[in-house]
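What follows is data_30.tsv (TSV, C-alpha atoms).
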```
chain	number	residue	atom	x	y	z
A	1	MET	CA	-12.79	16.33	-10.14
A	2	HIS	CA	-14.73	13.07	-10.18
A	3	ASP	CA	-13.45	9.52	-10.11
A	4	TYR	CA	-15.60	7.82	-12.72
A	5	SER	CA	-14.47	4.35	-11.68
A	6	LEU	CA	-16.26	4.51	-8.33
A	7	PHE	CA	-20.06	4.52	-8.25
A	8	TYR	CA	-22.57	4.27	-5.45
A	9	LYS	CA	-26.29	3.91	-4.95
A	10	LYS	CA	-27.98	5.21	-1.84
A	11	ASN	CA	-31.63	4.58	-1.19
A	12	GLY	CA	-32.77	5.35	2.35
A	13	THR	CA	-30.52	3.28	4.59
A	14	SER	CA	-29.34	1.09	1.70
A	15	LEU	CA	-25.84	1.87	0.39
A	16	VAL	CA	-23.95	-0.04	-2.32
A	17	TYR	CA	-20.57	0.83	-3.87
A	18	VAL	CA	-19.18	-0.37	-7.21
A	19	ALA	CA	-15.49	0.08	-8.03
A	20	VAL	CA	-14.45	-0.65	-11.62
A	21	TYR	CA	-10.93	-1.06	-12.97
A	22	VAL	CA	-10.68	-2.30	-16.57
A	23	ASP	CA	-12.55	-5.63	-16.36
A	24	ASP	CA	-12.45	-6.04	-12.59
A	25	VAL	CA	-15.43	-4.98	-10.50
A	26	ILE	CA	-15.77	-4.79	-6.72
A	27	LEU	CA	-19.22	-4.66	-5.14
A	28	THR	CA	-19.63	-3.75	-1.50
A	29	GLY	CA	-22.15	-2.15	0.76
A	30	ILE	CA	-24.47	-2.63	3.69
A	31	ASP	CA	-27.48	-4.00	1.79
A	32	LEU	CA	-26.85	-7.62	0.78
A	33	GLU	CA	-30.16	-7.88	-1.08
A	34	GLU	CA	-29.33	-4.83	-3.21
A	35	ILE	CA	-25.87	-6.31	-3.93
A	36	LYS	CA	-27.51	-9.60	-5.04
A	37	LEU	CA	-29.83	-7.70	-7.40
A	38	LEU	CA	-26.90	-5.72	-8.82
A	39	LYS	CA	-24.86	-8.90	-9.37
A	40	LYS	CA	-27.79	-10.48	-11.21
A	41	PHE	CA	-28.21	-7.36	-13.37
A	42	LEU	CA	-24.49	-7.29	-14.21
A	43	HIS	CA	-24.42	-11.02	-14.95
A	44	ASP	CA	-27.44	-10.75	-17.25
A	45	SER	CA	-25.77	-7.83	-19.07
A	46	PHE	CA	-22.10	-8.91	-19.17
A	47	LYS	CA	-21.84	-12.53	-17.95
A	48	ILE	CA	-19.74	-11.77	-14.86
A	49	LYS	CA	-17.95	-14.32	-12.69
A	50	ASP	CA	-18.50	-13.94	-8.94
A	51	LEU	CA	-15.16	-14.67	-7.25
A	52	GLY	CA	-16.62	-14.35	-3.77
A	53	ARG	CA	-15.08	-12.39	-0.96
A	54	LEU	CA	-12.40	-9.91	-2.06
A	55	GLN	CA	-8.91	-11.33	-1.49
A	56	TYR	CA	-6.64	-9.49	-3.94
A	57	PHE	CA	-7.13	-6.37	-6.06
A	58	LEU	CA	-4.57	-4.22	-7.88
A	59	GLY	CA	-1.70	-5.48	-5.72
A	60	LEU	CA	-3.64	-5.06	-2.50
A	61	GLU	CA	-4.25	-8.14	-0.37
A	62	ILE	CA	-7.17	-8.32	2.02
A	63	LEU	CA	-6.94	-10.52	5.11
A	64	TYR	CA	-10.17	-10.93	7.06
A	65	LYS	CA	-10.05	-11.33	10.82
A	66	ASP	CA	-12.78	-11.63	13.45
A	67	ASP	CA	-12.29	-8.00	14.49
A	68	GLY	CA	-11.84	-6.43	11.03
A	69	ALA	CA	-9.70	-6.60	7.90
A	70	ILE	CA	-6.10	-5.82	7.04
A	71	ILE	CA	-5.21	-4.43	3.64
A	72	SER	CA	-1.55	-5.04	2.82
A	73	GLN	CA	0.85	-5.42	-0.09
A	74	ARG	CA	2.63	-8.51	1.31
A	75	LYS	CA	3.27	-10.18	-2.05
A	76	PHE	CA	4.59	-6.93	-3.51
A	77	VAL	CA	7.01	-6.54	-0.56
A	78	ILE	CA	8.25	-10.12	-0.87
A	79	ASP	CA	8.71	-9.75	-4.64
A	80	LEU	CA	10.61	-6.51	-4.03
A	81	LEU	CA	12.88	-8.20	-1.48
A	82	LYS	CA	13.57	-11.00	-3.99
A	83	GLU	CA	14.21	-8.58	-6.85
A	84	TYR	CA	16.79	-6.63	-4.83
A	85	ASN	CA	18.36	-9.72	-3.20
A	86	CYS	CA	17.34	-8.77	0.33
A	87	LEU	CA	15.62	-11.97	1.44
A	88	SER	CA	18.84	-13.41	2.87
A	89	ARG	CA	19.80	-10.15	4.59
A	90	SER	CA	18.89	-9.46	8.21
A	91	SER	CA	15.94	-7.20	8.93
A	92	LEU	CA	16.31	-3.74	10.46
A	93	SER	CA	14.14	-1.97	13.03
A	94	SER	CA	14.03	1.52	11.50
A	95	PRO	CA	13.12	2.69	7.97
A	96	LEU	CA	16.22	4.92	7.74
A	97	ASP	CA	19.49	4.79	9.63
A	98	PRO	CA	19.13	7.47	12.33
A	99	ASN	CA	22.90	8.03	12.29
A	100	VAL	CA	23.06	8.90	8.58
A	101	LYS	CA	22.19	12.37	7.25
A	102	LEU	CA	21.51	12.17	3.53
A	103	LYS	CA	22.59	15.15	1.45
A	104	ALA	CA	22.53	16.05	-2.22
A	105	LYS	CA	25.81	15.86	-4.17
A	106	GLU	CA	27.50	13.74	-1.47
A	107	GLY	CA	28.99	10.36	-2.31
A	108	ALA	CA	29.81	8.72	-5.61
A	109	PRO	CA	27.26	9.19	-8.39
A	110	LEU	CA	25.47	6.01	-9.46
A	111	SER	CA	26.56	4.57	-12.80
A	112	ASP	CA	22.90	3.79	-13.54
A	113	PRO	CA	20.57	6.26	-11.77
A	114	SER	CA	17.50	4.55	-13.27
A	115	CYS	CA	18.03	1.65	-10.83
A	116	TYR	CA	17.57	4.03	-7.87
A	117	ARG	CA	14.59	5.75	-9.48
A	118	LYS	CA	12.88	2.42	-10.17
A	119	LEU	CA	13.41	1.24	-6.58
A	120	VAL	CA	12.14	4.48	-5.04
A	121	GLY	CA	9.14	4.40	-7.39
A	122	LYS	CA	8.27	0.91	-6.17
A	123	LEU	CA	8.74	1.98	-2.56
A	124	ASN	CA	6.40	4.91	-3.24
A	125	PHE	CA	3.73	2.46	-4.45
A	126	LEU	CA	4.01	0.72	-1.07
A	127	THR	CA	3.02	3.88	0.81
A	128	ASN	CA	-0.61	3.05	-0.10
A	129	THR	CA	-0.65	0.56	2.76
A	130	ARG	CA	2.67	1.16	4.53
A	131	LEU	CA	2.20	4.58	6.08
A	132	ASP	CA	5.20	3.86	8.31
A	133	ILE	CA	7.55	4.37	5.34
A	134	ALA	CA	5.92	7.48	3.84
A	135	PHE	CA	8.40	9.95	5.32
A	136	SER	CA	11.42	7.82	4.37
A	137	VAL	CA	10.23	7.36	0.78
A	138	GLN	CA	9.53	11.09	0.46
A	139	HIS	CA	13.03	11.80	1.76
A	140	LEU	CA	14.62	9.35	-0.71
A	141	SER	CA	12.54	10.90	-3.51
A	142	GLN	CA	14.36	14.20	-3.02
A	143	PHE	CA	17.47	12.64	-4.60
A	144	MET	CA	15.86	11.27	-7.77
A	145	GLN	CA	17.52	13.85	-10.03
A	146	ASP	CA	21.08	12.95	-8.98
A	147	PRO	CA	21.12	9.78	-6.84
A	148	ARG	CA	24.38	8.83	-5.15
A	149	GLU	CA	25.74	5.74	-3.39
A	150	PRO	CA	24.59	6.84	0.11
A	151	HIS	CA	21.03	7.34	-1.24
A	152	LEU	CA	20.97	3.84	-2.73
A	153	LYS	CA	22.38	2.41	0.50
A	154	ALA	CA	19.55	4.15	2.40
A	155	ALA	CA	16.97	2.68	-0.01
A	156	TYR	CA	18.39	-0.79	0.67
A	157	HIS	CA	18.19	-0.04	4.40
A	158	LEU	CA	14.48	0.66	3.89
A	159	LEU	CA	14.06	-2.67	2.09
A	160	ARG	CA	15.62	-4.47	5.06
A	161	TYR	CA	13.19	-2.62	7.34
A	162	LEU	CA	10.29	-3.93	5.22
A	163	LYS	CA	11.63	-7.47	5.64
A	164	ALA	CA	10.84	-7.33	9.37
A	165	ASP	CA	7.08	-7.52	8.65
A	166	PRO	CA	6.11	-7.75	4.96
A	167	SER	CA	2.43	-8.21	5.81
A	168	LEU	CA	2.06	-4.98	7.78
A	169	GLY	CA	-0.80	-2.92	6.39
A	170	VAL	CA	-3.84	-0.83	7.17
A	171	PHE	CA	-6.30	-2.32	9.65
A	172	PHE	CA	-10.01	-1.60	9.32
A	173	SER	CA	-11.79	-2.47	12.56
A	174	LYS	CA	-15.35	-3.76	12.79
A	175	ASN	CA	-15.63	-1.81	16.05
A	176	VAL	CA	-18.15	1.02	15.83
A	177	ASP	CA	-15.85	3.24	17.93
A	178	TYR	CA	-14.50	5.74	15.38
A	179	THR	CA	-11.97	7.31	17.74
A	180	VAL	CA	-8.69	8.09	15.99
A	181	ARG	CA	-5.70	6.92	18.00
A	182	ALA	CA	-2.08	7.85	17.41
A	183	TYR	CA	1.06	6.73	19.16
A	184	CYS	CA	4.48	8.28	19.47
A	185	ASP	CA	7.52	6.87	21.24
A	186	SER	CA	9.72	9.92	20.75
A	187	ASP	CA	11.31	11.35	23.87
A	188	TRP	CA	13.64	13.91	22.27
A	189	GLY	CA	11.82	16.76	24.00
A	190	ASP	CA	12.40	15.44	27.51
A	191	GLY	CA	15.15	16.81	29.67
```
Let's see the structure in the file written out as structure tokens.
Amino acid sequence: MHDYSLFYKKNGTSLVYVAVYVDDVILTGIDLEEIKLLKKFLHDSFKIKDLGRLQYFLGLEILYKDDGAIISQRKFVIDLLKEYNCLSRSSLSSPLDPNVKLKAKEGAPLSDPSCYRKLVGKLNFLTNTRLDIAFSVQHLSQFMQDPREPHLKAAYHLLRYLKADPSLGVFFSKNVDYTVRAYCDSDWGDG
């Protein structure tokens, strides 16, 4: 299967990518001269507007730092916290309450299950940049067919976790060291 909205041109060491979504176009690559030529070609053909360095695209925000870039969904998180009245609530340090075991068919059924489904759908969209909530969202998704009060309470718990750092995202380092690093603070296997 091919993604026809992503194109690239490679010529020797020159590499340029073009991502297209409806009427938005992103140009990137390692050959600035080739990008300039492509921008001129596109402008001559379609009268494009160069908005400069990428800041926001499809709900993703890009923050440039000296050592790389962070892609986050900060505005989406803040809007979500507003929509579900969580801005005035305290933040939590874990995505799910470790003392609560969610089960199907336990607790009072929700009068409007679409509210739960909508919230979990929005949380799922956040997993593009918030890998720290992927497991929790997948777990909450298991109750979409018949959501209950404890499931909704757990979804609100996750919102309060997001409040702790709405700008958390994926960091792309400028460092040429491509070593993958992972961290784990679990000690359940010890003694």
Considering all atoms listed in the file, tabulate each residue of segment 64-137 of chain A that lies at most 12 Å from segment 47-54 of chain A along with its nearest interatomic pair and the corresponding distance in Å to one decimal; arrange the rows by chain and ascending residue number and present them as a Markdown table.
```
| residue | atom | partner | partner_atom | distance |
| --- | --- | --- | --- | --- |
| A:Tyr64 | CA | A:Leu54 | CA | 9.4 |
| A:Ala69 | CA | A:Leu54 | CA | 10.8 |
| A:Ile70 | CA | A:Leu54 | CA | 11.8 |
| A:Ile71 | CA | A:Leu54 | CA | 10.7 |
```
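Remark: for Lys10 of chain A, the closest of the candidate residues A:Ala154, A:Ile30, A:Leu92, A:Leu140 is A:Ile30 (distances computed over only C-alpha atoms).
Ranking A:Pro98, A:Asp79, A:Asp67, A:Ala155 by their shortest atom-to-atom distance to Val176 of chain A, with only C-alpha atoms included, puts A:Asp67 first.
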Here is a test: counting only C-alpha atoms, which residue of A:Lys163, A:Arg181, A:Val18, A:Glu33 is nearest to Ser88 of chain A? A:Lys163
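Atom CA of Thr28 of chain A sits 18.6 Å away from atom CA of Phe46 of chain A.
Distance annotation: of A:Thr179, A:Ser45, A:Ser91, A:Gln73, the residue with the minimal separation from Phe57 of chain A is A:Gln73; atom set is only C-alpha atoms.
For the pair atom CA of Asp23 of chain A and atom CA of Tyr8 of chain A, the separation is 17.8 Å.
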Enumerate, as a list in words, the protein, DNA and RNA residues whose atoms approach (-30.9, 0.8, 7.0) to within 9 Å, taking into account all atoms listed in the file and the coordinate frame of the file. Gly12, Thr13, Ser14, Leu15, Ile30 and Asp31 of chain A
Hey, which of A:Val170, A:Val137, A:Leu123, A:Leu110 ends up closest to Pro150 of chain A? Count all atoms listed in the file. A:Leu110
Got a sec: who's within 10 Å of Leu60 of chain A, counting only C-alpha atoms, leaving out chain neighbours fewer than 6 positions off, as JSON, numbers by chain? {"A": [70, 71, 72, 73, 74, 75, 76, 126, 128, 129, 169]}
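With atom CA of Ala19 of chain A on one side and atom CA of Phe172 of chain A on the other, the separation reads 18.3 Å.
By all atoms listed in the file, and with residues fewer than 6 positions from Ser93 of chain A along its chain excluded, the set lying at most 12 Å from it is Asp132, Ile133, His157, Leu158, Leu159, Arg160, Tyr161, Leu162, Lys163, Ala164 and Asp165 of chain A.
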Of A:Glu83, A:Asp97, A:Asp66, A:Asp177, the one nearest to Lys118 of chain A when counting all atoms listed in the file is A:Glu83
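Using all atoms listed in the file, the protein and nucleic acid residues lying no more than 12 Å from Lys105 of chain A, apart from those fewer than 3 places from it along its own chain, are A:Leu102, A:Ala108, A:Pro109, A:Leu110, A:Gln142, A:Phe143, A:Met144, A:Gln145, A:Asp146, A:Pro147, A:Arg148, A:Glu149, A:Pro150, A:His151.
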Selecting all heavy atoms, how would segment 117-132 of chain A from this structure be written as a CSV table (one decimal), in the first residue's frame?
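That gives us decode.csv:
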```csv
chain,number,residue,atom,x,y,z
A,117,ARG,N,-17.3,7.3,24.4
A,117,ARG,CA,-16.7,6.9,23.1
A,117,ARG,C,-16.0,8.1,22.5
A,117,ARG,O,-14.9,8.0,22.0
A,117,ARG,CB,-17.7,6.3,22.2
A,117,ARG,CG,-18.3,5.0,22.7
A,117,ARG,CD,-19.4,4.5,21.8
A,117,ARG,NE,-20.0,3.3,22.4
A,117,ARG,CZ,-21.2,3.1,22.6
A,117,ARG,NH1,-22.1,4.0,22.2
A,117,ARG,NH2,-21.7,2.0,23.2
A,118,LYS,N,-16.6,9.3,22.6
A,118,LYS,CA,-16.0,10.5,22.0
A,118,LYS,C,-14.7,10.8,22.8
A,118,LYS,O,-13.7,11.1,22.1
A,118,LYS,CB,-17.0,11.6,22.2
A,118,LYS,CG,-16.6,13.0,21.6
A,118,LYS,CD,-17.6,14.0,21.8
A,118,LYS,CE,-17.1,15.4,21.5
A,118,LYS,NZ,-18.1,16.4,21.8
A,119,LEU,N,-14.7,10.8,24.1
A,119,LEU,CA,-13.6,11.1,24.9
A,119,LEU,C,-12.4,10.1,24.6
A,119,LEU,O,-11.3,10.5,24.4
A,119,LEU,CB,-13.9,11.1,26.4
A,119,LEU,CG,-12.7,11.2,27.4
A,119,LEU,CD1,-11.9,12.5,27.1
A,119,LEU,CD2,-13.2,11.2,28.8
A,120,VAL,N,-12.7,8.8,24.6
A,120,VAL,CA,-11.7,7.8,24.3
A,120,VAL,C,-11.1,8.0,22.9
A,120,VAL,O,-9.9,7.8,22.6
A,120,VAL,CB,-12.2,6.4,24.6
A,120,VAL,CG1,-11.1,5.4,24.2
A,120,VAL,CG2,-12.5,6.2,26.1
A,121,GLY,N,-12.0,8.4,21.9
A,121,GLY,CA,-11.6,8.6,20.6
A,121,GLY,C,-10.6,9.8,20.5
A,121,GLY,O,-9.6,9.7,19.8
A,122,LYS,N,-10.9,10.8,21.3
A,122,LYS,CA,-10.0,12.0,21.3
A,122,LYS,C,-8.6,11.6,22.0
A,122,LYS,O,-7.6,12.1,21.6
A,122,LYS,CB,-10.6,13.2,22.0
A,122,LYS,CG,-11.7,13.8,21.2
A,122,LYS,CD,-12.4,14.9,21.9
A,122,LYS,CE,-13.4,15.5,20.9
A,122,LYS,NZ,-13.8,16.9,21.3
A,123,LEU,N,-8.7,10.8,23.0
A,123,LEU,CA,-7.5,10.4,23.7
A,123,LEU,C,-6.7,9.5,22.8
A,123,LEU,O,-5.4,9.6,22.8
A,123,LEU,CB,-7.9,9.6,25.0
A,123,LEU,CG,-8.4,10.4,26.1
A,123,LEU,CD1,-9.0,9.5,27.2
A,123,LEU,CD2,-7.4,11.4,26.7
A,124,ASN,N,-7.3,8.7,21.9
A,124,ASN,CA,-6.6,7.9,21.0
A,124,ASN,C,-5.9,8.7,20.0
A,124,ASN,O,-4.7,8.4,19.6
A,124,ASN,CB,-7.6,7.0,20.3
A,124,ASN,CG,-6.9,5.9,19.4
A,124,ASN,OD1,-6.0,5.3,19.9
A,124,ASN,ND2,-7.3,5.8,18.2
A,125,PHE,N,-6.5,9.9,19.6
A,125,PHE,CA,-5.8,10.8,18.6
A,125,PHE,C,-4.5,11.3,19.3
A,125,PHE,O,-3.5,11.5,18.6
A,125,PHE,CB,-6.7,11.9,18.3
A,125,PHE,CG,-6.1,13.0,17.4
A,125,PHE,CD1,-5.7,12.7,16.1
A,125,PHE,CD2,-5.9,14.3,17.8
A,125,PHE,CE1,-5.1,13.6,15.3
A,125,PHE,CE2,-5.3,15.2,17.0
A,125,PHE,CZ,-4.9,14.9,15.8
A,126,LEU,N,-4.5,11.5,20.6
A,126,LEU,CA,-3.3,12.0,21.3
A,126,LEU,C,-2.1,11.0,21.3
A,126,LEU,O,-1.0,11.4,21.5
A,126,LEU,CB,-3.7,12.3,22.7
A,126,LEU,CG,-4.1,13.7,23.0
A,126,LEU,CD1,-4.5,13.8,24.5
A,126,LEU,CD2,-3.1,14.7,22.7
A,127,THR,N,-2.4,9.7,21.1
A,127,THR,CA,-1.3,8.7,21.1
A,127,THR,C,-0.3,8.9,20.0
A,127,THR,O,0.7,8.3,20.0
A,127,THR,CB,-1.8,7.3,21.2
A,127,THR,OG1,-2.6,7.0,20.0
A,127,THR,CG2,-2.7,7.0,22.4
A,128,ASN,N,-0.6,9.8,19.0
A,128,ASN,CA,0.3,10.1,18.0
A,128,ASN,C,1.6,10.7,18.5
A,128,ASN,O,2.7,10.5,18.0
A,128,ASN,CB,-0.3,11.1,16.9
A,128,ASN,CG,-1.4,10.5,16.1
A,128,ASN,OD1,-1.2,9.4,15.6
A,128,ASN,ND2,-2.5,11.1,16.0
A,129,THR,N,1.5,11.5,19.6
A,129,THR,CA,2.6,12.2,20.2
A,129,THR,C,2.8,11.8,21.6
A,129,THR,O,3.8,12.1,22.2
A,129,THR,CB,2.5,13.7,20.1
A,129,THR,OG1,1.3,14.2,20.7
A,129,THR,CG2,2.5,14.2,18.6
A,130,ARG,N,1.8,11.3,22.3
A,130,ARG,CA,1.8,10.9,23.7
A,130,ARG,C,1.9,9.4,23.8
A,130,ARG,O,0.9,8.8,24.2
A,130,ARG,CB,0.6,11.5,24.4
A,130,ARG,CG,0.6,13.0,24.5
A,130,ARG,CD,1.7,13.6,25.3
A,130,ARG,NE,1.7,13.1,26.7
A,130,ARG,CZ,1.4,13.8,27.8
A,130,ARG,NH1,1.0,15.1,27.6
A,130,ARG,NH2,1.4,13.3,29.0
A,131,LEU,N,3.1,8.9,23.6
A,131,LEU,CA,3.2,7.4,23.7
A,131,LEU,C,3.0,6.9,25.1
A,131,LEU,O,2.7,5.8,25.3
A,131,LEU,CB,4.6,7.0,23.1
A,131,LEU,CG,4.9,7.5,21.7
A,131,LEU,CD1,6.3,7.2,21.3
A,131,LEU,CD2,3.9,7.0,20.7
A,132,ASP,N,3.2,7.8,26.1
A,132,ASP,CA,3.1,7.4,27.5
A,132,ASP,C,1.6,7.1,27.8
A,132,ASP,O,1.4,6.4,28.9
A,132,ASP,CB,3.5,8.6,28.4
A,132,ASP,CG,2.8,9.9,28.1
A,132,ASP,OD1,2.5,10.2,27.0
A,132,ASP,OD2,2.6,10.6,29.1
```
